[in-house]
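Below is data.tsv, which holds TSV, C-alpha atoms.
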```
chain	number	residue	atom	x	y	z
A	21	MET	CA	71.92	-29.81	268.65
A	22	LEU	CA	69.46	-27.53	266.91
A	23	SER	CA	65.95	-27.14	268.36
A	24	LEU	CA	63.19	-26.64	265.78
A	25	LEU	CA	59.81	-25.26	266.81
A	26	ALA	CA	56.64	-25.53	264.74
A	27	LEU	CA	54.47	-22.46	265.25
A	28	GLU	CA	51.32	-20.87	263.88
A	29	ASP	CA	53.39	-18.21	262.11
A	30	GLY	CA	56.37	-20.20	260.88
A	31	LEU	CA	59.35	-22.26	261.96
A	32	ARG	CA	61.97	-21.22	264.53
A	33	ALA	CA	65.46	-22.73	264.80
A	34	ILE	CA	67.40	-22.25	268.04
A	35	PRO	CA	71.07	-23.25	268.32
A	36	PRO	CA	72.16	-24.80	271.63
A	37	ASP	CA	74.44	-21.91	272.59
A	38	ALA	CA	72.18	-18.99	271.69
A	39	GLY	CA	68.72	-17.85	272.70
A	40	VAL	CA	68.03	-16.10	269.40
A	41	ALA	CA	65.53	-17.94	267.24
A	42	THR	CA	66.02	-17.86	263.47
A	43	GLY	CA	62.72	-17.75	261.61
A	44	TYR	CA	61.80	-19.70	258.47
A	45	LEU	CA	58.59	-20.18	256.48
A	46	PRO	CA	57.06	-16.89	257.71
A	47	GLY	CA	53.30	-16.73	257.56
A	48	HIS	CA	52.89	-20.50	257.41
A	49	ARG	CA	51.10	-22.40	260.16
A	50	VAL	CA	53.62	-25.16	260.74
A	51	GLU	CA	51.96	-28.25	262.25
A	52	CYS	CA	54.72	-30.87	262.33
A	53	LEU	CA	58.43	-31.44	261.76
A	54	ALA	CA	60.81	-34.29	260.97
A	55	GLY	CA	64.50	-34.68	260.31
A	56	THR	CA	65.73	-37.20	257.76
A	57	GLY	CA	69.49	-36.98	258.21
A	58	GLY	CA	70.51	-33.70	256.60
A	59	ALA	CA	67.06	-32.62	255.41
A	60	VAL	CA	64.25	-31.01	257.40
A	61	LEU	CA	60.58	-31.53	256.58
A	62	ALA	CA	57.92	-29.09	257.73
A	63	GLY	CA	54.22	-29.82	257.33
A	64	THR	CA	51.89	-26.84	257.17
A	65	PHE	CA	48.16	-26.56	257.75
A	66	ASP	CA	47.17	-24.92	254.48
A	67	ASP	CA	50.21	-25.08	252.21
A	68	GLY	CA	51.39	-28.67	252.16
A	69	LEU	CA	54.87	-30.03	252.85
A	70	TRP	CA	58.12	-28.07	252.67
A	71	ARG	CA	61.66	-29.46	252.58
A	72	ALA	CA	65.10	-27.98	253.16
A	73	ALA	CA	68.07	-30.14	252.26
A	74	ASP	CA	70.82	-27.95	253.71
A	75	LEU	CA	69.82	-27.29	257.31
A	76	GLU	CA	72.67	-29.00	259.11
A	77	ALA	CA	72.41	-30.19	262.69
A	78	GLY	CA	73.79	-27.60	265.08
A	79	ASP	CA	74.21	-24.87	262.43
A	80	GLY	CA	72.03	-21.91	263.30
A	81	ALA	CA	73.63	-19.63	260.73
A	82	THR	CA	72.62	-21.60	257.64
A	83	ASP	CA	69.80	-20.02	255.68
A	84	PRO	CA	68.13	-23.06	254.10
A	85	SER	CA	66.03	-22.83	251.01
A	86	PHE	CA	62.69	-24.48	251.79
A	87	GLU	CA	60.84	-25.77	248.76
A	88	ARG	CA	57.29	-27.03	248.46
A	89	VAL	CA	57.29	-30.81	248.00
A	90	ALA	CA	55.02	-32.77	245.66
A	91	PRO	CA	52.08	-30.34	245.55
A	92	GLU	CA	50.46	-32.49	242.88
A	93	THR	CA	50.61	-35.57	245.16
A	94	LEU	CA	50.28	-34.40	248.75
A	95	PRO	CA	47.28	-32.64	250.33
A	96	GLY	CA	47.47	-29.08	251.59
A	97	ARG	CA	46.88	-29.92	255.25
A	98	VAL	CA	49.84	-31.88	256.58
A	99	THR	CA	49.35	-32.76	260.23
A	100	ALA	CA	51.97	-35.40	261.16
A	101	LEU	CA	55.43	-36.60	260.13
A	102	ALA	CA	57.64	-39.47	261.30
A	103	THR	CA	61.00	-40.83	260.14
A	104	ALA	CA	61.82	-44.53	260.52
A	105	PRO	CA	64.61	-44.85	263.13
A	106	SER	CA	66.19	-47.82	261.33
A	107	ASP	CA	66.07	-46.22	257.86
A	108	PRO	CA	66.00	-42.39	257.73
A	109	ASP	CA	65.09	-42.48	254.05
A	110	VAL	CA	61.66	-43.84	255.02
A	111	VAL	CA	59.28	-41.08	256.10
A	112	TYR	CA	55.55	-41.21	256.75
A	113	LEU	CA	53.16	-38.26	256.48
A	114	GLY	CA	49.67	-37.81	257.92
A	115	ALA	CA	47.06	-35.38	256.66
A	116	GLU	CA	43.58	-33.93	257.09
A	117	PRO	CA	41.20	-35.54	256.23
A	118	SER	CA	42.89	-38.66	257.59
A	119	GLU	CA	45.36	-40.06	255.05
A	120	VAL	CA	48.87	-41.49	255.25
A	121	TYR	CA	51.62	-41.14	252.63
A	122	ARG	CA	55.05	-42.75	252.44
A	123	SER	CA	58.40	-41.62	251.06
A	124	ASP	CA	61.40	-43.89	250.51
A	125	ASP	CA	63.82	-41.13	249.50
A	126	ALA	CA	63.92	-38.83	252.55
A	127	GLY	CA	60.83	-36.88	251.57
A	128	GLU	CA	61.50	-36.03	247.94
A	129	THR	CA	58.76	-38.19	246.40
A	130	TRP	CA	55.62	-39.67	247.94
A	131	ARG	CA	52.93	-42.30	247.43
A	132	GLU	CA	49.62	-42.78	249.19
A	133	CYS	CA	49.13	-45.69	251.56
A	134	ALA	CA	45.91	-47.71	251.78
A	135	PRO	CA	42.90	-45.49	252.59
A	136	LEU	CA	42.35	-45.08	256.31
A	137	THR	CA	38.76	-44.04	255.74
A	138	ASP	CA	37.91	-47.58	254.56
A	139	LEU	CA	38.23	-48.74	258.18
A	140	PRO	CA	34.93	-49.65	259.87
A	141	SER	CA	35.18	-46.99	262.60
A	142	ALA	CA	35.92	-44.10	260.20
A	143	ALA	CA	32.29	-42.95	260.23
A	144	GLU	CA	32.72	-42.23	263.95
A	145	TRP	CA	35.85	-40.08	263.62
A	146	SER	CA	35.51	-36.36	264.24
A	147	PHE	CA	37.69	-33.44	265.29
A	148	PRO	CA	35.44	-31.37	267.58
A	149	PRO	CA	36.52	-27.84	266.49
A	150	ARG	CA	35.87	-28.86	262.87
A	151	PRO	CA	33.27	-31.62	263.36
A	152	ASP	CA	32.95	-32.62	259.72
A	153	THR	CA	36.57	-33.76	259.46
A	154	HIS	CA	39.39	-35.53	261.31
A	155	HIS	CA	43.11	-35.95	260.82
A	156	VAL	CA	46.23	-37.96	261.55
A	157	ARG	CA	47.57	-36.16	264.62
A	158	THR	CA	50.61	-38.37	265.29
A	159	LEU	CA	52.76	-41.10	263.73
A	160	ALA	CA	55.46	-43.38	265.10
A	161	VAL	CA	57.57	-46.11	263.48
A	162	HIS	CA	58.90	-49.29	265.04
A	163	PRO	CA	62.60	-48.77	265.95
A	164	GLU	CA	63.77	-51.87	264.05
A	165	ASP	CA	61.23	-52.30	261.25
A	166	PRO	CA	60.26	-49.38	258.97
A	167	GLU	CA	57.23	-51.35	257.76
A	168	ARG	CA	55.57	-51.29	261.19
A	169	LEU	CA	53.72	-48.02	261.59
A	170	TYR	CA	51.52	-46.58	264.34
A	171	VAL	CA	48.89	-43.92	263.59
A	172	GLY	CA	46.88	-41.73	265.95
A	173	ILE	CA	43.63	-40.30	264.55
A	174	GLU	CA	42.29	-37.11	266.12
A	175	ALA	CA	39.78	-38.09	267.14
A	176	GLY	CA	38.64	-41.64	266.74
A	177	ALA	CA	41.21	-44.43	266.72
A	178	PHE	CA	44.65	-45.86	267.14
A	179	VAL	CA	45.60	-47.66	263.92
A	180	ARG	CA	48.62	-49.83	263.12
A	181	SER	CA	50.19	-51.40	260.06
A	182	ALA	CA	52.67	-54.26	259.71
A	183	ASP	CA	53.29	-53.72	255.99
A	184	GLY	CA	54.20	-50.06	255.55
A	185	GLY	CA	50.63	-48.84	255.20
A	186	ALA	CA	49.46	-51.41	252.65
A	187	SER	CA	46.86	-52.57	255.19
A	188	TRP	CA	45.58	-51.41	258.57
A	189	THR	CA	44.36	-52.78	261.90
A	190	GLU	CA	42.33	-50.42	264.07
A	191	ARG	CA	41.33	-50.03	267.70
A	192	PRO	CA	43.21	-52.88	269.40
A	193	PRO	CA	42.03	-53.67	272.96
A	194	GLY	CA	42.70	-50.84	275.40
A	195	SER	CA	43.98	-48.34	272.85
A	196	ARG	CA	43.06	-44.69	273.19
A	197	TYR	CA	40.72	-42.93	270.76
A	198	ASP	CA	42.06	-39.34	270.93
A	199	ASN	CA	45.79	-39.86	270.43
A	200	HIS	CA	47.90	-36.69	270.46
A	201	ALA	CA	51.43	-38.14	270.55
A	202	LEU	CA	52.95	-41.58	270.02
A	203	ALA	CA	56.50	-42.71	270.74
A	204	THR	CA	58.75	-45.77	270.61
A	205	HIS	CA	62.17	-46.60	272.08
A	206	PRO	CA	65.13	-48.52	270.60
A	207	ASP	CA	65.84	-50.36	273.87
A	208	ALA	CA	62.25	-51.63	274.09
A	209	PRO	CA	61.40	-51.95	270.39
A	210	ASP	CA	57.90	-53.42	270.80
A	211	ARG	CA	56.84	-50.82	273.33
A	212	VAL	CA	54.53	-48.00	272.20
A	213	TYR	CA	53.68	-44.96	274.31
A	214	ALA	CA	50.53	-42.89	273.77
A	215	ALA	CA	49.53	-39.46	275.09
A	216	ALA	CA	45.84	-38.91	274.44
A	217	GLY	CA	42.92	-36.71	275.27
A	218	ASP	CA	41.34	-39.73	276.94
A	219	GLY	CA	44.46	-40.48	278.99
A	220	TYR	CA	47.90	-42.07	278.84
A	221	ALA	CA	48.39	-45.65	277.57
A	222	GLN	CA	51.31	-47.99	276.94
A	223	SER	CA	51.70	-51.16	274.88
A	224	ALA	CA	54.32	-53.88	275.33
A	225	ASP	CA	53.44	-55.83	272.18
A	226	ALA	CA	53.76	-53.35	269.30
A	227	GLY	CA	50.30	-51.91	269.81
A	228	ALA	CA	48.34	-55.17	269.89
A	229	SER	CA	47.09	-54.57	273.45
A	230	TRP	CA	47.34	-51.70	275.93
A	231	ASP	CA	47.70	-50.90	279.62
A	232	HIS	CA	46.86	-47.64	281.37
A	233	PRO	CA	49.47	-46.77	284.04
A	234	THR	CA	47.93	-43.53	285.28
A	235	ALA	CA	48.48	-43.63	289.07
A	236	GLY	CA	49.52	-40.15	290.15
A	237	LEU	CA	48.48	-38.55	286.86
A	238	GLU	CA	46.02	-35.97	288.18
A	239	HIS	CA	45.24	-34.46	284.77
A	240	GLY	CA	43.54	-36.77	282.27
A	241	TYR	CA	43.91	-34.74	279.06
A	242	VAL	CA	47.44	-35.68	277.95
A	243	TRP	CA	49.19	-33.91	275.09
A	244	GLY	CA	53.01	-33.82	275.00
A	245	LEU	CA	55.18	-36.94	275.25
A	246	ALA	CA	58.89	-37.73	275.45
A	247	VAL	CA	60.88	-40.80	276.49
A	248	ASP	CA	64.44	-40.62	277.81
A	249	PRO	CA	66.66	-42.13	275.08
A	250	GLY	CA	68.81	-43.74	277.75
A	251	ASP	CA	65.93	-45.32	279.69
A	252	PRO	CA	62.71	-46.65	278.14
A	253	ASP	CA	61.10	-46.62	281.59
A	254	ARG	CA	61.46	-42.86	282.08
A	255	VAL	CA	58.54	-41.08	280.43
A	256	TYR	CA	57.47	-37.43	280.42
A	257	VAL	CA	54.05	-36.06	279.51
A	258	SER	CA	52.27	-32.72	279.54
A	259	ALA	CA	48.66	-32.69	280.68
A	260	ALA	CA	45.67	-30.59	281.71
A	261	HIS	CA	42.14	-31.15	282.98
A	262	GLY	CA	40.67	-30.56	279.52
A	263	ALA	CA	41.13	-29.07	276.07
A	264	TYR	CA	40.45	-25.46	277.08
A	265	ALA	CA	43.00	-25.62	279.91
A	266	ALA	CA	45.51	-27.19	277.56
A	267	HIS	CA	45.25	-25.02	274.47
A	268	ARG	CA	43.67	-21.64	275.18
A	269	VAL	CA	45.87	-18.96	276.75
A	270	ALA	CA	42.88	-17.27	278.43
A	271	SER	CA	42.06	-20.43	280.42
A	272	ALA	CA	45.47	-22.16	280.39
A	273	ASP	CA	46.41	-24.43	283.28
A	274	ALA	CA	48.76	-27.15	282.05
A	275	HIS	CA	51.33	-29.32	283.82
A	276	VAL	CA	54.25	-31.68	283.20
A	277	TYR	CA	54.78	-35.14	284.75
A	278	ARG	CA	57.55	-37.74	284.93
A	279	ARG	CA	57.23	-41.49	285.49
A	280	ASP	CA	60.09	-43.89	286.26
A	281	GLY	CA	59.70	-47.63	285.91
A	282	GLU	CA	56.60	-48.98	287.65
A	283	GLY	CA	56.30	-45.96	289.90
A	284	ASN	CA	53.57	-43.36	290.02
A	285	TRP	CA	53.58	-40.23	287.89
A	286	ARG	CA	55.20	-37.24	289.61
A	287	ARG	CA	54.06	-33.74	288.76
A	288	PHE	CA	56.56	-30.93	288.26
A	289	ASP	CA	56.09	-28.82	291.38
A	290	GLY	CA	59.00	-26.39	291.07
A	291	GLU	CA	60.79	-27.96	294.03
A	292	THR	CA	61.51	-31.69	293.82
A	293	LEU	CA	60.89	-31.62	290.06
A	294	GLY	CA	60.68	-28.88	287.48
A	295	ALA	CA	62.49	-26.04	289.21
A	296	GLY	CA	62.78	-23.14	286.79
A	297	VAL	CA	60.12	-24.15	284.25
A	298	PRO	CA	56.67	-22.47	284.41
A	299	VAL	CA	53.65	-24.76	284.79
A	300	GLY	CA	50.08	-24.32	285.93
A	301	GLU	CA	47.92	-21.25	285.53
A	302	GLY	CA	48.61	-19.26	282.37
A	303	VAL	CA	50.76	-22.01	280.81
A	304	CYS	CA	49.51	-23.85	277.71
A	305	ARG	CA	50.25	-27.53	277.10
A	306	ALA	CA	53.94	-28.19	276.60
A	307	VAL	CA	55.54	-29.87	273.65
A	308	LEU	CA	58.42	-32.05	274.80
A	309	ALA	CA	61.64	-33.51	273.45
A	310	ALA	CA	64.30	-35.72	275.04
A	311	PRO	CA	67.35	-35.52	272.74
A	312	ALA	CA	69.87	-37.20	275.08
A	313	PRO	CA	69.91	-39.24	278.30
A	314	ASP	CA	68.76	-37.12	281.26
A	315	GLU	CA	68.02	-34.19	278.93
A	316	LEU	CA	64.54	-32.75	278.52
A	317	LEU	CA	63.28	-29.79	276.51
A	318	VAL	CA	59.95	-28.21	277.47
A	319	CYS	CA	58.40	-25.57	275.23
A	320	THR	CA	55.21	-23.64	276.05
A	321	ASN	CA	53.79	-20.17	275.49
A	322	ARG	CA	56.34	-19.04	278.12
A	323	GLY	CA	59.43	-20.12	276.19
A	324	LEU	CA	61.85	-22.99	275.64
A	325	PHE	CA	63.44	-24.57	278.73
A	326	ARG	CA	66.17	-27.21	279.04
A	327	SER	CA	67.01	-29.70	281.78
A	328	THR	CA	70.12	-31.89	281.97
A	329	ASP	CA	69.11	-33.65	285.18
A	330	ALA	CA	65.98	-35.51	284.07
A	331	GLY	CA	63.66	-32.63	284.82
A	332	ALA	CA	64.85	-31.77	288.32
A	333	SER	CA	65.88	-28.26	287.25
A	334	PHE	CA	65.68	-26.12	284.12
A	335	GLU	CA	67.26	-23.12	282.47
A	336	GLN	CA	65.51	-20.98	279.90
A	337	VAL	CA	66.99	-21.35	276.43
A	338	ALA	CA	64.84	-18.83	274.58
A	339	GLY	CA	61.89	-16.53	275.17
A	340	GLY	CA	58.27	-17.20	274.32
A	341	GLU	CA	57.61	-14.40	271.87
A	342	TRP	CA	56.47	-17.00	269.31
A	343	GLY	CA	53.27	-17.93	271.13
A	344	VAL	CA	52.04	-21.51	271.64
A	345	PRO	CA	54.24	-24.12	269.90
A	346	ARG	CA	52.76	-27.04	267.97
A	347	ALA	CA	55.78	-29.35	267.67
A	348	LEU	CA	59.40	-29.58	268.78
A	349	VAL	CA	62.23	-31.68	267.34
A	350	CYS	CA	65.98	-31.68	267.82
A	351	LEU	CA	68.61	-32.33	265.16
```
For the file at hand, write its structure as structure tokens.
Amino acid sequence: MLSLLALEDGLRAIPPDAGVATGYLPGHRVECLAGTGGAVLAGTFDDGLWRAADLEAGDGATDPSFERVAPETLPGRVTALATAPSDPDVVYLGAEPSEVYRSDDAGETWRECAPLTDLPSAAEWSFPPRPDTHHVRTLAVHPEDPERLYVGIEAGAFVRSADGGASWTERPPGSRYDNHALATHPDAPDRVYAAAGDGYAQSADAGASWDHPTAGLEHGYVWGLAVDPGDPDRVYVSAAHGAYAAHRVASADAHVYRRDGEGNWRRFDGETLGAGVPVGEGVCRAVLAAPAPDELLVCTNRGLFRSTDAGASFEQVAGGEWGVPRALVCL
């Protein structure tokens, strides 16, 4: 398994048996990542989409040749990527201002989906640090149907499509407005999980309606999200009291939680959960990945940490010299 980190100054690849990160795309602010089965896609903030076709899973020695993809088609600010679990050739891309594109050949060529900004609520969308714009922060695809797509707009709406982006339905009852991360699970294919600035939410009917299981979640600004691949009822999130505590190192105070089944959220306290992984004061919001049952990766400004016991204890995989990560995927 190869861990890929999206950072403000490039991409880092960390093999499972070494704490040395190999750097790619230096100088690029990498916002999002996706694997398509042999190829890696990296979306950047100001220089579009990049693709490497020879970065093999688990091979930290390969020096892939990243190439800019479809600069005449895709916008410069790529903010979200998602591969369809049932068809890895189908990839969706989100951008700023809010747009969605689709590829049916593992990211080599792209076409634009129906305009998101035609939706009635689009006039209300706004990203506070840049108030005259907004973007697609997160994408997720139904585990069994590549035509069913979920879109999180930062900030303004949850949007879904049943026809591969040919048409959209926005703001179903109970959905969050400031979605940061969306996820699905193959063992509960109609379930959708959402980590948002206005709290956690979960849908049991493919995003048509939403519940808000937040008992025990003491921090309402939720950012990172991962679901155990062996158990759709085990969910991890990272959270803080607000945006400054989540994102700014000078005021950082972020935490990680786990929820099992219908139980309450449990915060990593360094004793019963989360031993060995820094949380709290000085720690920015974590990006999370759950590549295997009982396995959890937590990456913050303090480094990359790995648990093999569902978050009970962690070991540090690599140092945090890269700063605050923006995305984490495993190949």
Gap from atom CA of A:Leu69 to atom CA of A:Cys350 - Å, one decimal: 18.7 Å
All residues 7 Å or closer to A:Gly172, only C-alpha atoms, same chain fewer than 3 positions away omitted, as a list in words: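 My list of contacting residues is Val156, Arg157, Thr158, Leu159, Ala177, Phe178, Val179, Asn199 and His200 of chain A.
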I want to know what sits within 10 Å of A:Thr99, based on only C-alpha atoms, with residues of the same chain fewer than 6 positions away left out; could you give that as an MDAnalysis selection string? chainID A and resid 50:53 62:66 68:69 113:119 155:159
To one decimal in Å, tell me the separation between atom CA of A:Asp138 and atom CA of A:Arg122.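 Atom CA of A:Arg122 lies at a distance of 17.9 Å from atom CA of A:Asp138.
Residue nearest A:Ala226 within the list A:Leu245, A:Leu169, A:Ala274, A:Ala186: A:Leu169 [criterion: smallest interatomic distance, all atoms listed in the file].
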Using only C-alpha atoms for the distances, tell me which of A:Thr137, A:Thr129, A:Thr56, A:Thr153 is nearest to A:Asp107.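 Of the candidates, the smallest distance to A:Asp107 is held by A:Thr56.
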Of the residues A:Ala312, A:Ala134, A:Val161, A:Ile173, which is the one nearest to A:Leu351, using all atoms listed in the file?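 Under the stated criterion, the closest residue is A:Ala312.
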I want to know what sits within 12 Å of stretch 211-213 of chain A, based on all atoms listed in the file, with residues of the same chain fewer than 3 positions away left out; could you give that as a PyMOL selection string? chain A and resi 158-164+168-172+178+180+195-196+199-208+216+219-233+242-247+252-257
